[in-house]
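**Student:** Sharing start.pdb below, PDB, C-alpha atoms (C1' of nucleotides):
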ATOM      1  CA  MET B 190     -11.431  -3.642 -11.258
ATOM      2  CA  SER B 191      -8.727  -5.188 -13.432
ATOM      3  CA  LYS B 192      -5.243  -3.947 -12.703
ATOM      4  CA  VAL B 193      -3.787  -2.373 -15.780
ATOM      5  CA  ILE B 194      -0.084  -2.945 -16.146
ATOM      6  CA  ASP B 195       1.493   0.015 -17.851
ATOM      7  CA  CYS B 196       5.015  -0.788 -16.739
ATOM      8  CA  PRO B 197       6.746  -3.698 -15.028
ATOM      9  CA  LEU B 198       7.332  -1.651 -11.889
ATOM     10  CA  ASN B 199       3.590  -1.325 -11.555
ATOM     11  CA  TYR B 200       3.231  -5.079 -11.848
ATOM     12  CA  THR B 201       5.817  -5.663  -9.146
ATOM     13  CA  MET B 202       4.129  -3.209  -6.808
ATOM     14  CA  ASN B 203       0.759  -4.835  -7.324
ATOM     15  CA  LEU B 204       2.338  -8.102  -6.264
ATOM     16  CA  ILE B 205       4.345  -7.072  -3.220
ATOM     17  CA  GLY B 206       3.489  -3.426  -2.581
ATOM     18  CA  THR B 207       1.669  -3.763   0.733
ATOM     19  CA  LYS B 208       2.585  -3.127   4.323
ATOM     20  CA  TRP B 209       3.507  -6.656   5.302
ATOM     21  CA  LYS B 210       4.405  -8.622   2.182
ATOM     22  CA  PRO B 211       7.977  -7.421   1.701
ATOM     23  CA  LEU B 212       8.652  -7.867   5.395
ATOM     24  CA  ILE B 213       7.493 -11.468   5.431
ATOM     25  CA  LEU B 214       9.419 -12.289   2.266
ATOM     26  CA  PHE B 215      12.484 -10.636   3.693
ATOM     27  CA  HIS B 216      12.420 -12.714   6.842
ATOM     28  CA  LEU B 217      11.931 -15.835   4.769
ATOM     29  CA  LEU B 218      15.243 -15.201   3.023
ATOM     30  CA  GLU B 219      16.807 -16.839   6.064
ATOM     31  CA  GLY B 220      15.139 -20.090   5.131
ATOM     32  CA  GLU B 221      12.271 -22.341   6.111
ATOM     33  CA  VAL B 222      10.473 -21.418   9.345
ATOM     34  CA  ARG B 223       7.528 -22.552  11.388
ATOM     35  CA  SER B 224       4.509 -20.309  11.158
ATOM     36  CA  GLY B 225       4.547 -19.171  14.780
ATOM     37  CA  ILE B 226       8.254 -18.363  14.728
ATOM     38  CA  LEU B 227       7.947 -16.340  11.550
ATOM     39  CA  GLN B 228       5.022 -14.414  12.952
ATOM     40  CA  LYS B 229       6.999 -13.490  16.057
ATOM     41  CA  LYS B 230       9.775 -12.111  13.874
ATOM     42  CA  ILE B 231       7.387  -9.710  12.177
ATOM     43  CA  GLN B 232       7.097  -7.076  14.853
ATOM     44  CA  GLY B 233       3.630  -5.636  15.250
ATOM     45  CA  ILE B 234       1.734  -7.837  12.813
ATOM     46  CA  SER B 235      -1.639  -9.088  13.940
ATOM     47  CA  ASN B 236      -2.510 -12.728  13.737
ATOM     48  CA  LYS B 237      -5.099 -12.052  11.086
ATOM     49  CA  MET B 238      -2.814 -10.053   8.830
ATOM     50  CA  PHE B 239      -0.085 -12.621   9.162
ATOM     51  CA  THR B 240      -2.274 -15.489   8.024
ATOM     52  CA  GLN B 241      -3.923 -13.438   5.334
ATOM     53  CA  THR B 242      -0.681 -12.100   3.922
ATOM     54  CA  VAL B 243       1.138 -15.397   3.935
ATOM     55  CA  ARG B 244      -1.791 -17.017   2.195
ATOM     56  CA  GLU B 245      -1.794 -14.383  -0.511
ATOM     57  CA  LEU B 246       1.911 -14.867  -1.022
ATOM     58  CA  GLU B 247       1.242 -18.571  -1.365
ATOM     59  CA  LYS B 248      -1.558 -17.942  -3.842
ATOM     60  CA  ASP B 249       0.801 -15.774  -5.892
ATOM     61  CA  GLY B 250       3.410 -18.506  -5.853
ATOM     62  CA  LEU B 251       5.985 -16.576  -3.862
ATOM     63  CA  VAL B 252       6.015 -18.807  -0.794
ATOM     64  CA  LEU B 253       5.448 -22.496  -0.195
ATOM     65  CA  ARG B 254       3.347 -23.792   2.636
ATOM     66  CA  LYS B 255       3.967 -27.154   4.226
ATOM     67  CA  VAL B 256       1.280 -28.532   6.492
ATOM     68  CA  PHE B 257       2.094 -31.411   8.835
ATOM     69  CA  PRO B 258      -0.974 -33.420   9.796
ATOM     70  CA  VAL B 259      -0.329 -33.394  13.517
ATOM     71  CA  VAL B 260      -2.018 -32.026  16.603
ATOM     72  CA  PRO B 261      -1.430 -29.332  17.567
ATOM     73  CA  PRO B 262      -0.961 -28.142  13.971
ATOM     74  CA  LYS B 263       2.447 -27.577  12.450
ATOM     75  CA  VAL B 264       2.961 -25.401   9.397
ATOM     76  CA  GLU B 265       6.174 -24.312   7.773
ATOM     77  CA  TYR B 266       6.824 -21.616   5.226
ATOM     78  CA  CYS B 267       9.646 -21.043   2.795
ATOM     79  CA  LEU B 268      10.262 -19.075  -0.372
ATOM     80  CA  SER B 269       9.447 -20.604  -3.729
ATOM     81  CA  LYS B 270      11.867 -20.236  -6.587
ATOM     82  CA  ARG B 271       9.930 -17.197  -7.707
ATOM     83  CA  GLY B 272      10.050 -15.808  -4.185
ATOM     84  CA  LYS B 273      13.791 -16.331  -3.980
ATOM     85  CA  SER B 274      14.229 -14.373  -7.174
ATOM     86  CA  LEU B 275      13.121 -11.320  -5.203
ATOM     87  CA  GLU B 276      16.147 -11.524  -2.935
ATOM     88  CA  THR B 277      18.160  -8.828  -4.693
ATOM     89  CA  VAL B 278      15.215  -6.473  -4.755
ATOM     90  CA  LEU B 279      14.340  -7.047  -1.100
ATOM     91  CA  ARG B 280      17.907  -6.621   0.064
ATOM     92  CA  GLY B 281      18.128  -3.513  -2.088
ATOM     93  CA  LEU B 282      15.110  -1.961  -0.395
ATOM     94  CA  ASP B 283      16.462  -2.867   3.009
ATOM     95  CA  ALA B 284      19.919  -1.537   2.223
ATOM     96  CA  TRP B 285      18.497   1.722   0.951
ATOM     97  CA  GLY B 286      16.560   2.198   4.186
ATOM     98  CA  LEU B 287      19.671   1.532   6.218
ATOM     99  CA  GLU B 288      21.697   4.023   4.203
ATOM    100  CA  ASP B 289      18.986   6.623   4.405
ATOM    101  CA  LEU B 290      18.541   6.249   8.141
ATOM    102  CA  GLU B 291      22.217   6.826   8.689
ATOM    103  CA  VAL B 292      22.328  10.083   6.804
TER     104      VAL B 292
ATOM    105  CA  MET T  49       0.268   6.712  15.219
ATOM    106  CA  SER T  50       4.057   6.647  15.228
ATOM    107  CA  LYS T  51       5.512   4.225  12.743
ATOM    108  CA  VAL T  52       7.747   1.775  14.521
ATOM    109  CA  ILE T  53      10.797   0.856  12.511
ATOM    110  CA  ASP T  54      11.808  -2.674  13.268
ATOM    111  CA  CYS T  55      13.951  -3.042  10.159
ATOM    112  CA  PRO T  56      15.201  -0.751   7.411
ATOM    113  CA  LEU T  57      12.995  -2.441   4.835
ATOM    114  CA  ASN T  58      10.001  -1.381   6.857
ATOM    115  CA  TYR T  59      11.250   2.183   6.833
ATOM    116  CA  THR T  60      11.681   2.139   3.073
ATOM    117  CA  MET T  61       8.204   0.760   2.538
ATOM    118  CA  ASN T  62       6.675   3.406   4.785
ATOM    119  CA  LEU T  63       8.325   5.994   2.584
ATOM    120  CA  ILE T  64       7.572   4.709  -0.895
ATOM    121  CA  GLY T  65       5.273   1.719  -0.453
ATOM    122  CA  THR T  66       2.113   3.094  -2.023
ATOM    123  CA  LYS T  67       0.389   2.641  -5.330
ATOM    124  CA  TRP T  68       1.741   5.701  -7.108
ATOM    125  CA  LYS T  69       4.943   6.805  -5.403
ATOM    126  CA  PRO T  70       7.365   4.351  -7.016
ATOM    127  CA  LEU T  71       5.805   4.992 -10.396
ATOM    128  CA  ILE T  72       6.237   8.741 -10.167
ATOM    129  CA  LEU T  73       9.793   8.425  -8.921
ATOM    130  CA  PHE T  74      10.564   5.979 -11.687
ATOM    131  CA  HIS T  75       9.369   8.326 -14.404
ATOM    132  CA  LEU T  76      11.377  11.120 -12.836
ATOM    133  CA  LEU T  77      14.562   9.132 -13.366
ATOM    134  CA  GLU T  78      14.467  10.469 -16.908
ATOM    135  CA  GLY T  79      14.992  13.962 -15.571
ATOM    136  CA  GLU T  80      13.142  17.169 -14.905
ATOM    137  CA  VAL T  81       9.608  17.357 -16.285
ATOM    138  CA  ARG T  82       6.698  19.708 -16.280
ATOM    139  CA  SER T  83       3.837  18.716 -14.022
ATOM    140  CA  GLY T  84       1.306  18.081 -16.780
ATOM    141  CA  ILE T  85       3.702  15.994 -18.851
ATOM    142  CA  LEU T  86       4.638  13.851 -15.880
ATOM    143  CA  GLN T  87       1.028  13.302 -15.013
ATOM    144  CA  LYS T  88       0.249  12.110 -18.535
ATOM    145  CA  LYS T  89       3.050   9.569 -18.298
ATOM    146  CA  ILE T  90       1.499   7.980 -15.243
ATOM    147  CA  GLN T  91      -1.252   5.999 -16.878
ATOM    148  CA  GLY T  92      -4.483   5.955 -14.933
ATOM    149  CA  ILE T  93      -3.602   8.363 -12.148
ATOM    150  CA  SER T  94      -6.244  10.883 -11.170
ATOM    151  CA  ASN T  95      -5.448  14.551 -10.931
ATOM    152  CA  LYS T  96      -5.966  14.476  -7.203
ATOM    153  CA  MET T  97      -3.701  11.516  -6.554
ATOM    154  CA  PHE T  98      -1.015  13.000  -8.741
ATOM    155  CA  THR T  99      -0.901  16.280  -6.878
ATOM    156  CA  GLN T 100      -1.211  14.603  -3.515
ATOM    157  CA  THR T 101       1.494  12.053  -4.190
ATOM    158  CA  VAL T 102       3.974  14.477  -5.684
ATOM    159  CA  ARG T 103       3.497  16.812  -2.743
ATOM    160  CA  GLU T 104       4.148  13.999  -0.284
ATOM    161  CA  LEU T 105       7.288  13.070  -2.155
ATOM    162  CA  GLU T 106       8.347  16.685  -1.937
ATOM    163  CA  LYS T 107       7.589  16.781   1.778
ATOM    164  CA  ASP T 108       9.726  13.673   2.251
ATOM    165  CA  GLY T 109      12.554  15.285   0.333
ATOM    166  CA  LEU T 110      12.533  12.852  -2.551
ATOM    167  CA  VAL T 111      11.515  15.293  -5.270
ATOM    168  CA  LEU T 112      12.074  18.969  -5.865
ATOM    169  CA  ARG T 113       9.354  21.299  -7.018
ATOM    170  CA  LYS T 114      10.035  24.394  -9.073
ATOM    171  CA  VAL T 115       7.242  26.906  -9.448
ATOM    172  CA  PHE T 116       7.412  29.558 -12.159
ATOM    173  CA  PRO T 117       5.312  32.628 -11.381
ATOM    174  CA  VAL T 118       3.539  32.779 -14.725
ATOM    175  CA  VAL T 119       0.023  32.442 -15.997
ATOM    176  CA  PRO T 120      -1.076  29.830 -16.717
ATOM    177  CA  PRO T 121       0.987  28.196 -13.982
ATOM    178  CA  LYS T 122       4.160  26.300 -14.742
ATOM    179  CA  VAL T 123       5.585  23.747 -12.352
ATOM    180  CA  GLU T 124       8.473  21.386 -12.837
ATOM    181  CA  TYR T 125       9.496  18.356 -10.865
ATOM    182  CA  CYS T 126      12.770  16.512 -10.553
ATOM    183  CA  LEU T 127      14.408  14.075  -8.181
ATOM    184  CA  SER T 128      16.358  15.360  -5.221
ATOM    185  CA  LYS T 129      19.678  13.797  -4.358
ATOM    186  CA  ARG T 130      17.875  11.536  -1.938
ATOM    187  CA  GLY T 131      15.365  10.641  -4.625
ATOM    188  CA  LYS T 132      18.106   9.837  -7.095
ATOM    189  CA  SER T 133      19.646   7.455  -4.592
ATOM    190  CA  LEU T 134      16.581   5.280  -5.111
ATOM    191  CA  GLU T 135      17.471   4.668  -8.743
ATOM    192  CA  THR T 136      19.004   1.235  -8.218
ATOM    193  CA  VAL T 137      16.089   0.097  -6.123
ATOM    194  CA  LEU T 138      13.480   1.400  -8.560
ATOM    195  CA  ARG T 139      15.182  -0.117 -11.567
ATOM    196  CA  GLY T 140      15.528  -3.344  -9.618
ATOM    197  CA  LEU T 141      11.807  -3.497  -8.965
ATOM    198  CA  ASP T 142      11.064  -2.720 -12.582
ATOM    199  CA  ALA T 143      13.536  -5.284 -13.857
ATOM    200  CA  TRP T 144      12.116  -7.961 -11.592
ATOM    201  CA  GLY T 145       8.616  -7.314 -12.930
ATOM    202  CA  LEU T 146       9.870  -7.539 -16.482
ATOM    203  CA  GLU T 147      11.655 -10.827 -15.808
ATOM    204  CA  ASP T 148       8.665 -12.261 -14.014
ATOM    205  CA  LEU T 149       6.228 -11.268 -16.744
ATOM    206  CA  GLU T 150       8.327 -13.031 -19.310
ATOM    207  CA  VAL T 151       8.383 -16.361 -17.488
TER     208      VAL T 151
ATOM    209  C1'  DT D 179     -16.371  39.485 -22.739
ATOM    210  C1'  DA D 180     -15.988  34.835 -22.870
ATOM    211  C1'  DA D 181     -13.321  30.768 -23.568
ATOM    212  C1'  DC D 182      -8.896  28.716 -22.713
ATOM    213  C1'  DT D 183      -4.790  27.606 -20.261
ATOM    214  C1'  DA D 184      -1.958  24.583 -16.370
ATOM    215  C1'  DT D 185      -1.956  23.608 -11.772
ATOM    216  C1'  DA D 186      -3.947  22.790  -7.568
ATOM    217  C1'  DC D 187      -7.506  22.502  -3.877
ATOM    218  C1'  DT D 188     -11.830  20.925  -1.751
ATOM    219  C1'  DA D 189     -15.755  18.097  -0.337
ATOM    220  C1'  DC D 190     -17.526  13.880  -0.721
ATOM    221  C1'  DT D 191     -17.727   8.782  -1.615
ATOM    222  C1'  DT D 192     -15.882   4.224  -2.400
ATOM    223  C1'  DT D 193     -12.505   0.723  -1.958
ATOM    224  C1'  DT D 194      -8.800  -1.403   0.183
ATOM    225  C1'  DT D 195      -6.128  -2.555   4.002
ATOM    226  C1'  DA D 196      -5.563  -3.405   8.716
ATOM    227  C1'  DG D 197      -6.928  -4.259  13.595
ATOM    228  C1'  DT D 198      -9.735  -6.596  17.574
ATOM    229  C1'  DA D 199     -11.627 -10.162  19.717
ATOM    230  C1'  DA D 200     -13.737 -14.367  19.878
ATOM    231  C1'  DG D 201     -14.414 -19.138  18.244
ATOM    232  C1'  DT D 202     -12.664 -23.817  16.104
ATOM    233  C1'  DT D 203      -9.909 -27.981  15.882
ATOM    234  C1'  DA D 204      -8.154 -32.670  17.809
ATOM    235  C1'  DT D 205      -4.867 -34.591  20.699
ATOM    236  C1'  DT D 206      -1.894 -34.791  24.928
ATOM    237  C1'  DG D 207      -1.162 -34.549  29.855
ATOM    238  C1'  DC D 208      -2.891 -33.831  34.310
TER     239       DC D 208
ATOM    240  C1'  DG R 142     -13.280 -33.830  31.783
ATOM    241  C1'  DC R 143     -10.591 -29.766  31.360
ATOM    242  C1'  DA R 144      -6.662 -26.796  30.171
ATOM    243  C1'  DA R 145      -3.021 -26.206  26.936
ATOM    244  C1'  DT R 146      -1.414 -26.309  22.347
ATOM    245  C1'  DA R 147      -0.603 -24.072  17.070
ATOM    246  C1'  DA R 148      -2.635 -22.473  13.435
ATOM    247  C1'  DC R 149      -6.281 -20.771  11.650
ATOM    248  C1'  DT R 150     -11.099 -18.583  10.752
ATOM    249  C1'  DT R 151     -14.830 -15.462  11.246
ATOM    250  C1'  DA R 152     -17.514 -11.245  12.185
ATOM    251  C1'  DC R 153     -17.077  -6.819  13.075
ATOM    252  C1'  DT R 154     -14.842  -2.212  13.156
ATOM    253  C1'  DA R 155     -11.484   1.364  12.056
ATOM    254  C1'  DA R 156      -8.264   3.685   9.350
ATOM    255  C1'  DA R 157      -5.868   4.651   5.138
ATOM    256  C1'  DA R 158      -5.706   5.103   0.258
ATOM    257  C1'  DA R 159      -7.834   6.219  -3.877
ATOM    258  C1'  DG R 160     -11.504   8.012  -6.939
ATOM    259  C1'  DT R 161     -15.041  11.655  -8.704
ATOM    260  C1'  DA R 162     -16.464  15.960  -9.600
ATOM    261  C1'  DG R 163     -16.485  20.626  -9.022
ATOM    262  C1'  DT R 164     -14.013  25.250  -8.003
ATOM    263  C1'  DA R 165     -10.219  28.881  -8.151
ATOM    264  C1'  DT R 166      -6.686  31.481 -10.516
ATOM    265  C1'  DA R 167      -5.358  35.437 -13.849
ATOM    266  C1'  DG R 168      -3.421  36.461 -17.795
ATOM    267  C1'  DT R 169      -3.875  35.528 -23.240
ATOM    268  C1'  DT R 170      -6.303  34.914 -27.260
ATOM    269  C1'  DA R 171     -10.537  34.940 -30.198
TER     270       DA R 171
END
Can you turn what I pasted into structure tokens?
**Tutor:**
Amino acid sequence: MSKVIDCPLNYTMNLIGTKWKPLILFHLLEGEVRSGILQKKIQGISNKMFTQTVRELEKDGLVLRKVFPVVPPKVEYCLSKRGKSLETVLRGLDAWGLEDLEV
Amino acid sequence: MSKVIDCPLNYTMNLIGTKWKPLILFHLLEGEVRSGILQKKIQGISNKMFTQTVRELEKDGLVLRKVFPVVPPKVEYCLSKRGKSLETVLRGLDAWGLEDLEV
DNA sequence: TAACTATACTACTTTTTAGTAAGTTATTGC
DNA sequence: GCAATAACTTACTAAAAAGTAGTATAGTTA
């Protein structure tokens, strides 16, 4: 069950190598957003996956979650310092896709 | 079934966002290798996943496969031009993991 | 002639990831 | 008192990814 880390790349992929994680992090590069707004930016994500993914990212210390005790609820997300450190990598992945699509 | 591409990052992840793909590509950065040797470098991969993954990478034009008609079989893999263009991204992911592990 | 070799394929099972649809909350505004 | 609101949460199902174990190949060596 334990995830063996044989190389750092493996570690990185275990952390963000899923369908939605990089996408959410990428959209958070623009800055703090309300939960509902962020979700609408992620085309095609289901409500369940959005909540689940964002919560995992929070658990892993990549995003910060701010809950405002109001009704109806208000929640905001933003990148943590650790999350921000992924910026280069995320933009790199995005840029590669753009390049590759053009060819 | 069709994979909707809402942003280039999504496209990239659909192409290489699985458990073993980045790892195999990363090890191929070192150059051409025989199948068996490559497989041994990928710690923990099963024979099935290795074959399956490498073949998908070939199908997607990221690696090249050279078959030598000898017995016992001899097969070599190397990165295609398109595969090589992932170098920066792959090294970026690896470097991030290294950094993050150290903190 | 039987074992050994390197590579791959197949059938089957388990695990992980993702999707659907419905329910929960507490306050505001009609 | 009932709908609308934003953000979940839960139970259930479906699909994708990964793992296990066994089989095929055809020359070479013991």
**Student:** Can you list what the PyMOL selection byres ((chain R) within 7 of (chain B)) grabs from this structure, as a PyMOL selection string?
**Tutor:** chain R and resi 146-148
**Student:** Using all atoms listed in the file, which of the listed residues (T:Glu135, T:Glu147, T:Asp108, T:Glu124) sits closest to Asn62 (chain T)?
**Tutor:** T:Asp108
**Student:** List as JSON lines every residue of chain T that is in contact with chain B, defined as an atom at most 6 Å from one of its atoms (using all atoms listed in the file), together with the nearest atom pair and the distance in Å rounded to one decimal, sorted by chain and then rising number.
**Tutor:**
{"residue": "T:Pro56", "atom": "CA", "partner": "B:Gly286", "partner_atom": "CA", "distance": 4.6}
{"residue": "T:Leu57", "atom": "CA", "partner": "B:Asp283", "partner_atom": "CA", "distance": 3.9}
{"residue": "T:Tyr59", "atom": "CA", "partner": "B:Gly286", "partner_atom": "CA", "distance": 5.9}
{"residue": "T:Thr60", "atom": "CA", "partner": "B:Gly286", "partner_atom": "CA", "distance": 5.0}
{"residue": "T:Gly65", "atom": "CA", "partner": "B:Gly206", "partner_atom": "CA", "distance": 5.8}
{"residue": "T:Val137", "atom": "CA", "partner": "B:Gly281", "partner_atom": "CA", "distance": 5.8}
{"residue": "T:Gly140", "atom": "CA", "partner": "B:Val278", "partner_atom": "CA", "distance": 5.8}
{"residue": "T:Leu141", "atom": "CA", "partner": "B:Leu198", "partner_atom": "CA", "distance": 5.7}
{"residue": "T:Asp142", "atom": "CA", "partner": "B:Leu198", "partner_atom": "CA", "distance": 3.9}
{"residue": "T:Gly145", "atom": "CA", "partner": "B:Pro197", "partner_atom": "CA", "distance": 4.6}
{"residue": "T:Leu146", "atom": "CA", "partner": "B:Pro197", "partner_atom": "CA", "distance": 5.2}
**Student:** Kindly give the distance, in Å, that separates C1' of DA152 (chain R) and CA of Met238 (chain B), rounded to a single decimal.
**Tutor:** 15.1 Å
**Student:** Check what the PyMOL selection byres ((chain D) within 9 of (chain T)) selects in the file above and give those residues as a ChimeraX atom specification.
**Tutor:** /D:183-187
**Student:** Selected by the PyMOL selection byres ((chain D and resi 207) around 10) in the shown coordinates: which residues, as a list of chain:residue names?
**Tutor:**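 For this structure, the PyMOL selection byres ((chain D and resi 207) around 10) captures D:DT205, D:DT206, D:DC208, R:DA144, R:DA145.
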**Student:** Save the residues we just selected, C-alpha atoms (C1' of nucleotides), as a PDB file, keeping the file's coordinate frame?
**Tutor:**
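To be explicit, this is the file written out as selection33.pdb:
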ATOM      1  C1'  DT D 205      -4.867 -34.591  20.699  1.00  0.00           C
ATOM      2  C1'  DT D 206      -1.894 -34.791  24.928  1.00  0.00           C
ATOM      3  C1'  DC D 208      -2.891 -33.831  34.310  1.00  0.00           C
TER       4       DC D 208
ATOM      5  C1'  DA R 144      -6.662 -26.796  30.171  1.00  0.00           C
ATOM      6  C1'  DA R 145      -3.021 -26.206  26.936  1.00  0.00           C
TER       7       DA R 145
END
**Student:** By how many Å are CA of Leu214 (chain B) and C1' of DC149 (chain R) apart?
**Tutor:** 20.2 Å
**Student:** Please determine an axis-aligned box that encloses all atoms of region 95-111 of chain T listed in the file, with 3 Å added on each side, and express its centre and edge lengths in Å to one decimal as lines of an AutoDock Vina configuration file.
**Tutor:**
center_x = 3.3
center_y = 14.2
center_z = -4.3
size_x = 24.5
size_y = 11.3
size_z = 19.2
**Student:** Work out how far C1' of DT198 (chain D) is from CA of His216 (chain B), in Å to one decimal.
**Tutor:** 25.4 Å
**Student:** Using only C-alpha atoms (C1' of nucleotides), which protein or nucleic acid residues come within 10 Å of DT151 (chain R)? Drop anything in the same chain fewer than 6 positions from it, and give the result as a list in words.
**Tutor:**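 Close residues of DT151 (chain R): DA200, DG201 and DT202 of chain D.
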**Student:** In the coordinate frame of the file, compute which residues have an atom within 6 Å of (-1.5, -4.7, 12.4) when using all atoms listed in the file, and state them as a PyMOL selection string.
**Tutor:** (chain B and resi 233-235) or (chain D and resi 196-197)
**Student:** Counting only C-alpha atoms (C1' of nucleotides), what is within 9 Å of DT194 (chain D), bar same-chain residues fewer than 2 positions away, as number ranges by chain?
**Tutor:** R: 157-159
**Student:** Write out, as a short mmCIF file (atom, residue, chain, number, x, y, z; two decimals), in the coordinates of the input, the residues just selected, with C-alpha atoms (C1' of nucleotides).
**Tutor:**
data_model
loop_
_atom_site.label_atom_id
_atom_site.label_comp_id
_atom_site.auth_asym_id
_atom_site.auth_seq_id
_atom_site.Cartn_x
_atom_site.Cartn_y
_atom_site.Cartn_z
"C1'" DA R 157 -5.87 4.65 5.14
"C1'" DA R 158 -5.71 5.10 0.26
"C1'" DA R 159 -7.83 6.22 -3.88
#
**Student:** Excluding Leu112 (chain T) and any residue of its chain fewer than 6 positions from it, enumerate the residues within 6 Å of it, using all atoms listed in the file, and give them as a list of chain:residue names.
**Tutor:**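 Counting all atoms listed in the file, the residues come to T:Glu106, T:Tyr125, T:Cys126, T:Leu127, T:Ser128.
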**Student:** May I have the selected residues written with C-alpha atoms, as an mmCIF file, in the coordinates of the input?
**Tutor:**
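This went into selection14.cif:
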data_model
loop_
_atom_site.group_PDB
_atom_site.id
_atom_site.type_symbol
_atom_site.label_atom_id
_atom_site.label_comp_id
_atom_site.auth_asym_id
_atom_site.auth_seq_id
_atom_site.Cartn_x
_atom_site.Cartn_y
_atom_site.Cartn_z
ATOM 1 C CA GLU T 106 8.347 16.685 -1.937
ATOM 2 C CA TYR T 125 9.496 18.356 -10.865
ATOM 3 C CA CYS T 126 12.770 16.512 -10.553
ATOM 4 C CA LEU T 127 14.408 14.075 -8.181
ATOM 5 C CA SER T 128 16.358 15.360 -5.221
#
